[in-house]
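Note: the block below is input.pdb and it holds PDB, C-alpha atoms.
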```
ATOM      1  CA  MET A   1     108.436  52.713-101.355
ATOM      2  CA  ASN A   2     104.740  53.389-102.051
ATOM      3  CA  ALA A   3     102.916  56.713-101.578
ATOM      4  CA  ARG A   4     101.214  55.564 -98.364
ATOM      5  CA  ALA A   5     104.547  54.776 -96.739
ATOM      6  CA  LYS A   6     105.981  58.175 -97.701
ATOM      7  CA  ARG A   7     103.330  60.282 -96.029
ATOM      8  CA  SER A   8     103.600  60.925 -92.294
ATOM      9  CA  VAL A   9      99.836  61.195 -91.703
ATOM     10  CA  THR A  10      97.928  57.919 -91.816
ATOM     11  CA  GLU A  11      94.300  56.943 -91.359
ATOM     12  CA  GLY A  12      93.391  55.858 -87.840
ATOM     13  CA  GLN A  13      96.346  57.677 -86.316
ATOM     14  CA  ILE A  14      95.753  60.035 -83.356
ATOM     15  CA  TYR A  15      97.361  63.472 -83.158
ATOM     16  CA  PRO A  16      97.275  66.145 -80.453
ATOM     17  CA  THR A  17      96.155  69.699 -81.206
ATOM     18  CA  LYS A  18      97.254  72.844 -79.450
ATOM     19  CA  HIS A  19      93.888  73.874 -78.014
ATOM     20  CA  TYR A  20      91.224  71.254 -78.756
ATOM     21  CA  GLY A  21      92.489  67.892 -77.577
ATOM     22  CA  ASN A  22      93.234  64.904 -79.774
ATOM     23  CA  ILE A  23      92.052  64.302 -83.320
ATOM     24  CA  THR A  24      91.844  61.059 -85.290
ATOM     25  CA  VAL A  25      92.559  60.859 -89.007
ATOM     26  CA  VAL A  26      89.404  59.470 -90.607
ATOM     27  CA  GLN A  27      90.317  59.706 -94.305
ATOM     28  CA  TYR A  28      93.454  60.745 -96.166
ATOM     29  CA  LYS A  29      92.945  61.890 -99.762
ATOM     30  CA  ASN A  30      96.093  63.944-100.179
ATOM     31  CA  ALA A  31      98.309  66.280 -98.138
ATOM     32  CA  LYS A  32      95.877  69.154 -98.682
ATOM     33  CA  GLU A  33      92.689  67.226 -97.936
ATOM     34  CA  VAL A  34      92.566  65.120 -94.771
ATOM     35  CA  LEU A  35      89.339  64.382 -92.883
ATOM     36  CA  VAL A  36      89.775  64.362 -89.088
ATOM     37  CA  LYS A  37      87.501  63.910 -86.050
ATOM     38  CA  PHE A  38      87.864  65.641 -82.667
ATOM     39  CA  GLU A  39      87.797  63.138 -79.809
ATOM     40  CA  LYS A  40      86.011  65.411 -77.339
ATOM     41  CA  THR A  41      83.028  66.359 -79.498
ATOM     42  CA  GLY A  42      83.013  64.035 -82.502
ATOM     43  CA  PHE A  43      83.098  67.071 -84.809
ATOM     44  CA  GLU A  44      84.656  66.313 -88.212
ATOM     45  CA  THR A  45      86.484  68.737 -90.458
ATOM     46  CA  VAL A  46      88.894  68.748 -93.404
ATOM     47  CA  THR A  47      92.402  70.078 -92.889
ATOM     48  CA  THR A  48      95.940  69.612 -94.169
ATOM     49  CA  ALA A  49      98.662  67.180 -93.206
ATOM     50  CA  ALA A  50     100.900  70.096 -92.223
ATOM     51  CA  TYR A  51      98.309  71.450 -89.778
ATOM     52  CA  ILE A  52      97.818  67.987 -88.330
ATOM     53  CA  ARG A  53     101.532  67.556 -87.707
ATOM     54  CA  SER A  54     101.899  71.000 -86.119
ATOM     55  CA  GLY A  55      98.702  70.793 -84.056
ATOM     56  CA  MET A  56      97.888  74.352 -85.103
ATOM     57  CA  GLY A  57      95.329  75.801 -87.471
ATOM     58  CA  ILE A  58      92.645  73.191 -86.715
ATOM     59  CA  ARG A  59      89.563  74.502 -84.928
ATOM     60  CA  ASP A  60      86.640  72.756 -83.280
ATOM     61  CA  PRO A  61      83.651  75.149 -83.112
ATOM     62  CA  MET A  62      81.868  72.734 -80.761
ATOM     63  CA  GLN A  63      84.368  73.388 -77.968
ATOM     64  CA  PRO A  64      84.469  76.580 -75.864
ATOM     65  CA  TYR A  65      88.027  77.301 -76.899
ATOM     66  CA  GLY A  66      86.866  77.119 -80.479
ATOM     67  CA  ILE A  67      84.528  80.062 -80.000
ATOM     68  CA  GLU A  68      86.052  83.247 -81.235
ATOM     69  CA  LYS A  69      87.289  85.211 -78.275
ATOM     70  CA  LYS A  70      85.336  88.302 -77.370
ATOM     71  CA  PRO A  71      86.330  91.178 -75.106
ATOM     72  CA  VAL A  72      85.838  90.514 -71.396
ATOM     73  CA  PRO A  73      82.524  92.101 -70.301
ATOM     74  CA  ASP A  74      82.901  95.062 -67.986
ATOM     75  CA  ASP A  75      81.078  93.258 -65.171
ATOM     76  CA  MET A  76      83.323  90.182 -65.490
ATOM     77  CA  GLN A  77      86.644  91.932 -65.087
ATOM     78  CA  ALA A  78      89.109  90.414 -62.615
ATOM     79  CA  GLY A  79      88.566  91.861 -59.149
ATOM     80  CA  THR A  80      84.825  92.418 -59.568
ATOM     81  CA  VAL A  81      82.916  91.334 -56.443
ATOM     82  CA  TYR A  82      79.506  89.643 -56.519
ATOM     83  CA  GLU A  83      77.113  88.515 -53.782
ATOM     84  CA  SER A  84      75.828  84.954 -54.090
ATOM     85  CA  ASN A  85      72.364  83.963 -52.889
ATOM     86  CA  LEU A  86      73.551  81.389 -50.349
ATOM     87  CA  CYS A  87      77.312  81.497 -50.024
ATOM     88  CA  GLY A  88      78.412  85.048 -49.397
ATOM     89  CA  ARG A  89      80.608  87.196 -51.588
ATOM     90  CA  LEU A  90      82.913  86.072 -54.374
ATOM     91  CA  ILE A  91      85.522  87.814 -56.471
ATOM     92  CA  ILE A  92      86.190  87.307 -60.184
ATOM     93  CA  GLN A  93      89.676  85.935 -60.804
ATOM     94  CA  LYS A  94      89.713  85.123 -64.512
ATOM     95  CA  TYR A  95      87.231  85.337 -67.374
ATOM     96  CA  THR A  96      88.000  82.750 -70.071
ATOM     97  CA  HIS A  97      84.653  82.820 -71.856
ATOM     98  CA  VAL A  98      80.982  83.164 -71.013
ATOM     99  CA  HIS A  99      80.773  79.605 -69.671
ATOM    100  CA  ASP A 100      84.070  79.603 -67.784
ATOM    101  CA  VAL A 101      84.657  82.314 -65.198
ATOM    102  CA  LYS A 102      86.978  81.490 -62.314
ATOM    103  CA  VAL A 103      85.974  82.961 -58.957
ATOM    104  CA  LYS A 104      87.132  82.846 -55.358
ATOM    105  CA  PHE A 105      84.661  82.823 -52.471
ATOM    106  CA  ILE A 106      85.803  85.392 -49.958
ATOM    107  CA  ASP A 107      84.604  83.679 -46.762
ATOM    108  CA  THR A 108      86.070  80.224 -47.426
ATOM    109  CA  GLY A 109      88.771  80.804 -50.039
ATOM    110  CA  HIS A 110      87.236  78.085 -52.225
ATOM    111  CA  ILE A 111      87.997  78.530 -55.949
ATOM    112  CA  ASP A 112      85.646  77.308 -58.667
ATOM    113  CA  SER A 113      84.384  78.177 -62.143
ATOM    114  CA  PHE A 114      80.849  79.148 -63.171
ATOM    115  CA  SER A 115      79.046  80.665 -66.102
ATOM    116  CA  ALA A 116      78.783  84.426 -66.191
ATOM    117  CA  SER A 117      75.000  84.061 -66.105
ATOM    118  CA  ASN A 118      75.012  82.092 -62.835
ATOM    119  CA  ILE A 119      77.389  84.555 -61.240
ATOM    120  CA  ARG A 120      75.151  87.467 -62.175
ATOM    121  CA  LYS A 121      72.068  85.645 -60.831
ATOM    122  CA  GLY A 122      73.795  84.857 -57.542
ATOM    123  CA  ALA A 123      73.602  81.132 -58.274
ATOM    124  CA  ALA A 124      77.309  80.398 -57.788
ATOM    125  CA  TYR A 125      77.532  77.775 -55.039
ATOM    126  CA  ASP A 126      80.339  77.251 -52.548
ATOM    127  CA  PRO A 127      80.384  73.682 -51.154
ATOM    128  CA  MET A 128      82.543  74.897 -48.280
ATOM    129  CA  ALA A 129      80.074  77.551 -47.089
ATOM    130  CA  LYS A 130      78.580  76.799 -43.658
ATOM    131  CA  ASN A 131      74.994  77.470 -44.651
ATOM    132  CA  THR A 132      73.302  74.509 -42.940
ATOM    133  CA  TYR A 133      72.264  75.754 -39.490
ATOM    134  CA  GLY A 134      75.388  77.893 -39.386
ATOM    135  CA  VAL A 135      77.835  74.978 -39.082
ATOM    136  CA  GLY A 136      77.213  72.372 -41.775
ATOM    137  CA  PHE A 137      78.561  72.442 -45.314
ATOM    138  CA  MET A 138      78.332  70.032 -48.245
ATOM    139  CA  GLY A 139      82.074  69.705 -48.807
ATOM    140  CA  ILE A 140      83.810  68.476 -51.942
ATOM    141  CA  GLY A 141      83.207  64.860 -52.909
ATOM    142  CA  LYS A 142      80.844  62.358 -54.462
ATOM    143  CA  TYR A 143      77.938  62.667 -52.009
ATOM    144  CA  ASN A 144      75.121  65.100 -52.797
ATOM    145  CA  THR A 145      71.585  65.901 -51.666
ATOM    146  CA  ASN A 146      70.305  62.687 -53.273
ATOM    147  CA  SER A 147      72.243  60.640 -50.727
ATOM    148  CA  PRO A 148      70.068  58.844 -48.132
ATOM    149  CA  ALA A 149      72.377  60.388 -45.546
ATOM    150  CA  HIS A 150      71.488  63.978 -46.405
ATOM    151  CA  GLN A 151      68.182  64.329 -44.564
ATOM    152  CA  VAL A 152      69.606  62.382 -41.609
ATOM    153  CA  TRP A 153      72.551  64.794 -41.430
ATOM    154  CA  ARG A 154      70.298  67.840 -41.658
ATOM    155  CA  GLY A 155      68.066  66.392 -38.946
ATOM    156  CA  ILE A 156      70.990  65.968 -36.549
ATOM    157  CA  LEU A 157      72.230  69.504 -37.199
ATOM    158  CA  SER A 158      68.703  70.835 -36.758
ATOM    159  CA  ARG A 159      68.354  69.194 -33.339
ATOM    160  CA  CYS A 160      71.655  70.609 -32.149
ATOM    161  CA  TYR A 161      71.789  74.051 -33.744
ATOM    162  CA  SER A 162      68.215  75.262 -34.213
ATOM    163  CA  ASP A 163      65.797  76.557 -31.588
ATOM    164  CA  LYS A 164      63.262  73.788 -32.193
ATOM    165  CA  TYR A 165      64.711  71.271 -29.721
ATOM    166  CA  PRO A 166      65.403  72.786 -26.267
ATOM    167  CA  SER A 167      66.414  69.401 -24.839
ATOM    168  CA  TYR A 168      69.357  69.354 -27.271
ATOM    169  CA  LYS A 169      70.695  72.782 -26.318
ATOM    170  CA  ASP A 170      73.889  71.287 -24.847
ATOM    171  CA  VAL A 171      74.379  68.649 -27.559
ATOM    172  CA  LYS A 172      76.893  69.281 -30.341
ATOM    173  CA  VAL A 173      78.006  67.639 -33.573
ATOM    174  CA  ALA A 174      81.692  66.756 -33.914
ATOM    175  CA  GLU A 175      83.505  69.088 -36.291
ATOM    176  CA  VAL A 176      84.390  66.230 -38.634
ATOM    177  CA  TRP A 177      80.658  65.762 -39.278
ATOM    178  CA  HIS A 178      80.096  69.426 -40.088
ATOM    179  CA  ASN A 179      81.355  68.328 -43.514
ATOM    180  CA  PHE A 180      78.534  66.327 -45.112
ATOM    181  CA  GLN A 181      80.995  64.239 -47.145
ATOM    182  CA  ASN A 182      82.430  62.741 -43.950
ATOM    183  CA  PHE A 183      79.036  61.972 -42.441
ATOM    184  CA  ALA A 184      77.701  60.466 -45.674
ATOM    185  CA  GLU A 185      80.730  58.203 -46.045
ATOM    186  CA  TRP A 186      80.279  56.924 -42.470
ATOM    187  CA  PHE A 187      76.520  56.472 -42.896
ATOM    188  CA  GLU A 188      76.447  54.816 -46.317
ATOM    189  CA  ASN A 189      79.186  52.342 -45.416
ATOM    190  CA  LEU A 190      76.953  50.916 -42.677
ATOM    191  CA  ASP A 191      73.741  48.911 -42.837
ATOM    192  CA  TRP A 192      71.588  52.057 -42.711
ATOM    193  CA  LYS A 193      68.215  51.000 -44.136
ATOM    194  CA  GLY A 194      65.423  51.251 -41.560
ATOM    195  CA  LYS A 195      67.781  52.603 -38.904
ATOM    196  CA  ALA A 196      68.470  55.863 -37.117
ATOM    197  CA  VAL A 197      71.617  57.419 -35.677
ATOM    198  CA  ASP A 198      71.943  56.831 -31.917
ATOM    199  CA  LYS A 199      74.493  58.727 -29.823
ATOM    200  CA  ASP A 200      73.552  57.285 -26.425
ATOM    201  CA  LEU A 201      74.102  53.523 -26.532
ATOM    202  CA  LEU A 202      77.877  53.622 -26.169
ATOM    203  CA  ALA A 203      77.723  56.453 -23.631
ATOM    204  CA  LEU A 204      74.695  55.075 -21.786
ATOM    205  CA  GLY A 205      72.403  57.993 -22.493
ATOM    206  CA  ARG A 206      74.824  60.700 -21.429
ATOM    207  CA  SER A 207      76.526  61.621 -24.694
ATOM    208  CA  LYS A 208      76.532  65.293 -25.594
ATOM    209  CA  VAL A 209      78.245  64.807 -28.942
ATOM    210  CA  TYR A 210      77.294  63.247 -32.266
ATOM    211  CA  SER A 211      80.522  61.792 -33.640
ATOM    212  CA  PRO A 212      81.662  58.747 -35.634
ATOM    213  CA  ASP A 213      83.284  57.136 -32.592
ATOM    214  CA  ARG A 214      80.244  57.605 -30.333
ATOM    215  CA  CYS A 215      77.348  56.921 -32.685
ATOM    216  CA  VAL A 216      75.788  53.719 -33.968
ATOM    217  CA  LEU A 217      72.782  52.887 -36.132
ATOM    218  CA  LEU A 218      69.822  51.256 -34.387
ATOM    219  CA  THR A 219      66.438  50.050 -35.570
ATOM    220  CA  LYS A 220      63.329  51.680 -34.126
ATOM    221  CA  SER A 221      62.648  48.488 -32.188
ATOM    222  CA  GLU A 222      66.110  48.460 -30.603
ATOM    223  CA  ASN A 223      65.849  52.123 -29.726
ATOM    224  CA  SER A 224      62.407  51.658 -28.204
ATOM    225  CA  LYS A 225      63.536  48.729 -26.062
ATOM    226  CA  LEU A 226      66.541  50.617 -24.759
ATOM    227  CA  ASN A 227      64.334  53.559 -23.851
ATOM    228  CA  THR A 228      61.867  51.466 -21.833
ATOM    229  CA  LEU A 229      63.919  48.686 -20.235
ATOM    230  CA  GLY A 230      65.204  50.812 -17.397
ATOM    231  CA  TYR A 231      61.914  52.415 -16.388
ATOM    232  CA  ILE A 232      60.280  51.335 -13.149
ATOM    233  CA  LYS A 233      56.746  52.094 -12.030
ATOM    234  CA  LEU A 234      56.164  52.134  -8.268
ATOM    235  CA  LEU A 235      52.747  50.744  -7.411
ATOM    236  CA  ASP A 236      52.302  52.520  -4.062
ATOM    237  CA  ASP A 237      53.495  55.720  -2.422
ATOM    238  CA  LYS A 238      55.839  54.165   0.116
ATOM    239  CA  GLU A 239      59.144  54.370  -1.704
ATOM    240  CA  PRO A 240      61.241  52.306  -1.871
ATOM    241  CA  PHE A 241      58.965  49.681  -0.269
ATOM    242  CA  GLY A 242      55.934  47.970  -1.682
ATOM    243  CA  LYS A 243      55.330  46.511  -5.087
ATOM    244  CA  CYS A 244      56.950  47.926  -8.215
ATOM    245  CA  ARG A 245      56.788  47.026 -11.880
ATOM    246  CA  ILE A 246      59.298  47.154 -14.711
ATOM    247  CA  VAL A 247      57.513  48.937 -17.527
ATOM    248  CA  VAL A 248      56.375  46.488 -20.263
ATOM    249  CA  SER A 249      57.689  43.567 -18.220
ATOM    250  CA  LYS A 250      56.753  42.184 -14.785
ATOM    251  CA  THR A 251      55.893  43.040 -11.174
ATOM    252  CA  PHE A 252      58.183  42.657  -8.128
ATOM    253  CA  ASP A 253      57.596  42.874  -4.397
ATOM    254  CA  GLU A 254      61.002  44.414  -3.747
ATOM    255  CA  LEU A 255      62.496  47.434  -5.488
ATOM    256  CA  ASP A 256      66.003  45.947  -5.418
ATOM    257  CA  ASP A 257      64.759  42.912  -7.324
ATOM    258  CA  ALA A 258      63.108  45.169  -9.906
ATOM    259  CA  ILE A 259      66.303  47.177 -10.330
ATOM    260  CA  ASP A 260      68.414  44.048 -10.749
ATOM    261  CA  PHE A 261      65.960  42.647 -13.303
ATOM    262  CA  ALA A 262      65.965  45.908 -15.285
ATOM    263  CA  VAL A 263      69.752  46.113 -15.284
ATOM    264  CA  GLN A 264      70.192  42.492 -16.381
ATOM    265  CA  ASN A 265      67.710  42.948 -19.229
ATOM    266  CA  GLU A 266      69.414  46.107 -20.433
ATOM    267  CA  LEU A 267      72.813  44.422 -20.257
ATOM    268  CA  ALA A 268      71.514  41.538 -22.366
ATOM    269  CA  LEU A 269      70.053  43.883 -24.972
ATOM    270  CA  ARG A 270      73.236  45.982 -25.055
ATOM    271  CA  ALA A 271      75.319  42.852 -25.594
ATOM    272  CA  GLU A 272      73.018  41.701 -28.397
ATOM    273  CA  ILE A 273      73.133  45.044 -30.209
ATOM    274  CA  LEU A 274      76.869  45.568 -29.742
ATOM    275  CA  LYS A 275      77.610  42.099 -31.083
ATOM    276  CA  LYS A 276      75.438  42.782 -34.127
ATOM    277  CA  ILE A 277      77.287  46.007 -34.953
ATOM    278  CA  ASN A 278      80.682  44.548 -34.023
ATOM    279  CA  LYS A 279      81.379  46.979 -31.185
ATOM    280  CA  VAL A 280      83.000  46.385 -27.804
ATOM    281  CA  ASP A 281      81.080  47.736 -24.818
ATOM    282  CA  PRO A 282      83.089  50.777 -23.648
ATOM    283  CA  LEU A 283      81.636  50.582 -20.126
ATOM    284  CA  LYS A 284      84.148  48.976 -17.763
ATOM    285  CA  ASP A 285      81.491  48.331 -15.121
ATOM    286  CA  ALA A 286      78.342  48.164 -17.208
ATOM    287  CA  TYR A 287      76.212  46.659 -14.433
ATOM    288  CA  GLY A 288      77.199  49.290 -11.882
ATOM    289  CA  THR A 289      76.856  52.144 -14.368
ATOM    290  CA  ILE A 290      73.388  51.109 -15.517
ATOM    291  CA  LYS A 291      72.241  50.523 -11.938
ATOM    292  CA  ALA A 292      73.495  53.941 -10.822
ATOM    293  CA  ARG A 293      71.683  55.631 -13.698
ATOM    294  CA  LEU A 294      68.444  53.807 -12.870
ATOM    295  CA  ILE A 295      68.610  54.740  -9.178
ATOM    296  CA  SER A 296      69.301  58.341 -10.161
ATOM    297  CA  ARG A 297      66.182  58.313 -12.315
ATOM    298  CA  LEU A 298      64.141  56.992  -9.417
ATOM    299  CA  LYS A 299      65.361  59.763  -7.131
ATOM    300  CA  GLU A 300      64.496  62.366  -9.746
ATOM    301  CA  GLY A 301      61.050  60.856 -10.227
ATOM    302  CA  ASP A 302      61.802  60.060 -13.862
ATOM    303  CA  SER A 303      61.168  56.316 -13.681
ATOM    304  CA  HIS A 304      57.790  56.036 -11.993
ATOM    305  CA  GLU A 305      54.333  57.280 -12.766
TER
END
```

Write-out of the structure in structure tokens:
Amino acid sequence: MNARAKRSVTEGQIYPTKHYGNITVVQYKNAKEVLVKFEKTGFETVTTAAYIRSGMGIRDPMQPYGIEKKPVPDDMQAGTVYESNLCGRLIIQKYTHVHDVKVKFIDTGHIDSFSASNIRKGAAYDPMAKNTYGVGFMGIGKYNTNSPAHQVWRGILSRCYSDKYPSYKDVKVAEVWHNFQNFAEWFENLDWKGKAVDKDLLALGRSKVYSPDRCVLLTKSENSKLNTLGYIKLLDDKEPFGKCRIVVSKTFDELDDAIDFAVQNELALRAEILKKINKVDPLKDAYGTIKARLISRLKEGDSHE
């Protein structure tokens, strides 16, 4: 049996270490001089066959665990409480080294690790903290602020939970969409380019909730048509008699004819849009529902100039 067969450490073989991951034997000169490479960092060092077999005594200075341990700083002791800039208070749970300090956010219970420097600066971030208009949070997942859904999501939350939009004071966002990850997944899995979130099509303009089962994506053109089809302009003061005109369409001598025309046009557009987005019209009596809404607008003075 030759010398190569006798030794238990061979070139190209992979061995685990106790603290630094796997190493690969690059060159074997003898049992006291073996060149190895750490998989995680590519760092090469010379060690012995005995150390390789035991997984002990081999250090990688390029890895955090390879840095000589220092005493835990006084301000990083377990139980120390810090205030973050955006996400409330957190408590130190375990200090491993300067780049790995485990913390727990007090408000949400979320556990994560940060550098000591970021903790001291208040830069530790909790993805579960409701810091977007008091309800929204980023959540844990693959979607971040670079997602095309992010500004859309913030815009919806702004309309519903800020003071800038009085007409939305009674409108809410479904709890499932408070988590940005859920909204982004819904949004990005649809044909979203050039479109906006619409909550009213399926509920015929009466929805008070943004939710995945009530919302669709519409183009600006589709949205504009839906917002004008049902508007009627009366051309004299003798309601409901005299001539009337469907906005952006045509003139009628009788109001009933104008109403029927408006309803039929809206039904046709609804059918076209719903077919395109593969949705079934949830209205059992779409004609009657649309007509009732239009008459209600007329009584309130909302559909004539």

So which residues get picked by the PyMOL selection byres ((chain A and resi 127) around 12) here, written as a ChimeraX atom specification?
/A:86-88,105,107-112,124-126,128-132,136-145,178-181

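Across the structure, CA of Pro212 (chain A) and CA of Tyr287 (chain A) are spaced 25.0 Å apart.
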
Just the number, please: distance in Å from CA of Ala149 (chain A) to CA of Ile273 (chain A), one decimal.
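Separating CA of Ala149 (chain A) from CA of Ile273 (chain A) is a distance of 21.7 Å.
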
Straight-line distance linking CA of Ala203 (chain A) with CA of Ser158 (chain A), stated in Å to one decimal:
21.5 Å

Shell around Thr219 (chain A) at 8 Å using all atoms listed in the file, local window under 6 positions removed, as JSON, numbers by chain
{"A": [194, 195, 196]}
